[in-house]
Amino acid sequence: QVGGVDPALEIARLGARAHFLHLKDGPAEDHVAAMTALGEGKIDLARVLECSQALWHIVEIDHCAGDLWDTIAASHAFLARSHAASDSR
């Protein structure tokens, strides 16, 4: 979003060509704002994941305001819930 495109539409456009998807979340205001755990920011990651055909979803955190390991753990939990929800459809 910060880059000026809708991430879900871009991922859908790329389709199966996007084998590895690096996921970030945060306030989506600029490139210097602290990132959040996946699912806690302004990015509609549920929609991004619905559009994704990636083989791997990779958590990418450049910097965050809290503890990095807590942010990674919360991001992993978000991905696990998201994947479980998509598997049940």
# chains A, B, ... in the order shown; residues from 1 in each chain; ligands from 1
$ residues_around --residues "range 48-62 of chain A" --least-positions-apart "6" --cutoff "10 Å" --atoms "only C-alpha atoms" --output "ChimeraX atom specification"
/A:6-26,31-38,68,71-72,75-76,79,82-83,86
$ select_by_dssp --residues "chain A" --states "strand (DSSP E)" --output "MDAnalysis selection string"
chainID A and resid 20:23 56:59
$ atom_distance --atom1 "CA of Asp30 in chain A" --atom2 "CA of Ala77 in chain A"
25.5 Å
$ decode --residues "range 16-83 of chain A" --atoms "C-alpha atoms" --output "JSON list (two decimals), in the first residue's frame"
[["chain", "number", "residue", "atom", "x", "y", "z"],
["A", 16, "ALA", "CA", 1.40, -18.68, -9.49],
["A", 17, "ARG", "CA", 4.48, -16.69, -10.61],
["A", 18, "ALA", "CA", 4.87, -15.39, -7.04],
["A", 19, "HIS", "CA", 6.38, -18.47, -5.40],
["A", 20, "PHE", "CA", 7.62, -16.67, -2.26],
["A", 21, "LEU", "CA", 5.52, -13.93, -0.68],
["A", 22, "HIS", "CA", 7.17, -11.69, 1.93],
["A", 23, "LEU", "CA", 4.47, -10.32, 4.22],
["A", 24, "LYS", "CA", 4.66, -7.11, 6.25],
["A", 25, "ASP", "CA", 2.09, -5.22, 8.28],
["A", 26, "GLY", "CA", 1.98, -1.89, 10.04],
["A", 27, "PRO", "CA", 0.40, 1.56, 9.85],
["A", 28, "ALA", "CA", 1.00, 1.73, 6.05],
["A", 29, "GLU", "CA", 1.84, 5.42, 6.30],
["A", 30, "ASP", "CA", 5.45, 5.54, 5.14],
["A", 31, "HIS", "CA", 8.61, 3.45, 4.88],
["A", 32, "VAL", "CA", 9.97, 4.39, 8.32],
["A", 33, "ALA", "CA", 7.00, 3.61, 10.59],
["A", 34, "ALA", "CA", 7.44, 0.66, 12.96],
["A", 35, "MET", "CA", 5.92, -2.57, 11.73],
["A", 36, "THR", "CA", 3.40, -4.65, 13.63],
["A", 37, "ALA", "CA", 2.72, -8.35, 13.82],
["A", 38, "LEU", "CA", 0.83, -9.67, 10.81],
["A", 39, "GLY", "CA", -2.87, -8.97, 11.18],
["A", 40, "GLU", "CA", -2.39, -6.05, 13.58],
["A", 41, "GLY", "CA", -1.72, -3.29, 11.05],
["A", 42, "LYS", "CA", -3.61, -1.57, 8.24],
["A", 43, "ILE", "CA", -2.81, -4.05, 5.45],
["A", 44, "ASP", "CA", -5.72, -6.32, 4.54],
["A", 45, "LEU", "CA", -3.61, -9.46, 4.81],
["A", 46, "ALA", "CA", -6.63, -11.77, 4.88],
["A", 47, "ARG", "CA", -7.45, -10.54, 1.37],
["A", 48, "VAL", "CA", -3.80, -10.76, 0.29],
["A", 49, "LEU", "CA", -3.63, -14.38, 1.46],
["A", 50, "GLU", "CA", -6.90, -15.22, -0.32],
["A", 51, "CYS", "CA", -5.35, -13.97, -3.57],
["A", 52, "SER", "CA", -2.00, -15.66, -3.02],
["A", 53, "GLN", "CA", -0.91, -18.81, -4.80],
["A", 54, "ALA", "CA", 2.56, -18.61, -3.23],
["A", 55, "LEU", "CA", 4.30, -21.75, -2.07],
["A", 56, "TRP", "CA", 5.81, -19.92, 0.90],
["A", 57, "HIS", "CA", 4.57, -17.03, 3.04],
["A", 58, "ILE", "CA", 7.51, -15.33, 4.75],
["A", 59, "VAL", "CA", 7.22, -12.92, 7.68],
["A", 60, "GLU", "CA", 9.33, -9.82, 7.05],
["A", 61, "ILE", "CA", 9.87, -7.34, 9.87],
["A", 62, "ASP", "CA", 12.38, -4.57, 9.26],
["A", 63, "HIS", "CA", 11.82, -3.04, 12.70],
["A", 64, "CYS", "CA", 9.06, -2.95, 15.29],
["A", 65, "ALA", "CA", 8.23, -0.97, 18.41],
["A", 66, "GLY", "CA", 7.95, -4.00, 20.72],
["A", 67, "ASP", "CA", 9.87, -7.20, 21.23],
["A", 68, "LEU", "CA", 10.89, -8.72, 17.89],
["A", 69, "TRP", "CA", 10.33, -12.33, 19.02],
["A", 70, "ASP", "CA", 6.83, -11.54, 20.33],
["A", 71, "THR", "CA", 6.04, -9.90, 16.98],
["A", 72, "ILE", "CA", 7.30, -12.94, 15.09],
["A", 73, "ALA", "CA", 5.29, -15.31, 17.33],
["A", 74, "ALA", "CA", 2.11, -13.26, 16.84],
["A", 75, "SER", "CA", 2.74, -13.18, 13.08],
["A", 76, "HIS", "CA", 3.19, -16.96, 13.00],
["A", 77, "ALA", "CA", -0.07, -17.41, 14.92],
["A", 78, "PHE", "CA", -1.87, -15.13, 12.44],
["A", 79, "LEU", "CA", -0.55, -17.16, 9.49],
["A", 80, "ALA", "CA", -1.49, -20.45, 11.18],
["A", 81, "ARG", "CA", -5.05, -19.20, 11.78],
["A", 82, "SER", "CA", -5.29, -17.85, 8.22],
["A", 83, "HIS", "CA", -4.07, -21.09, 6.67]]
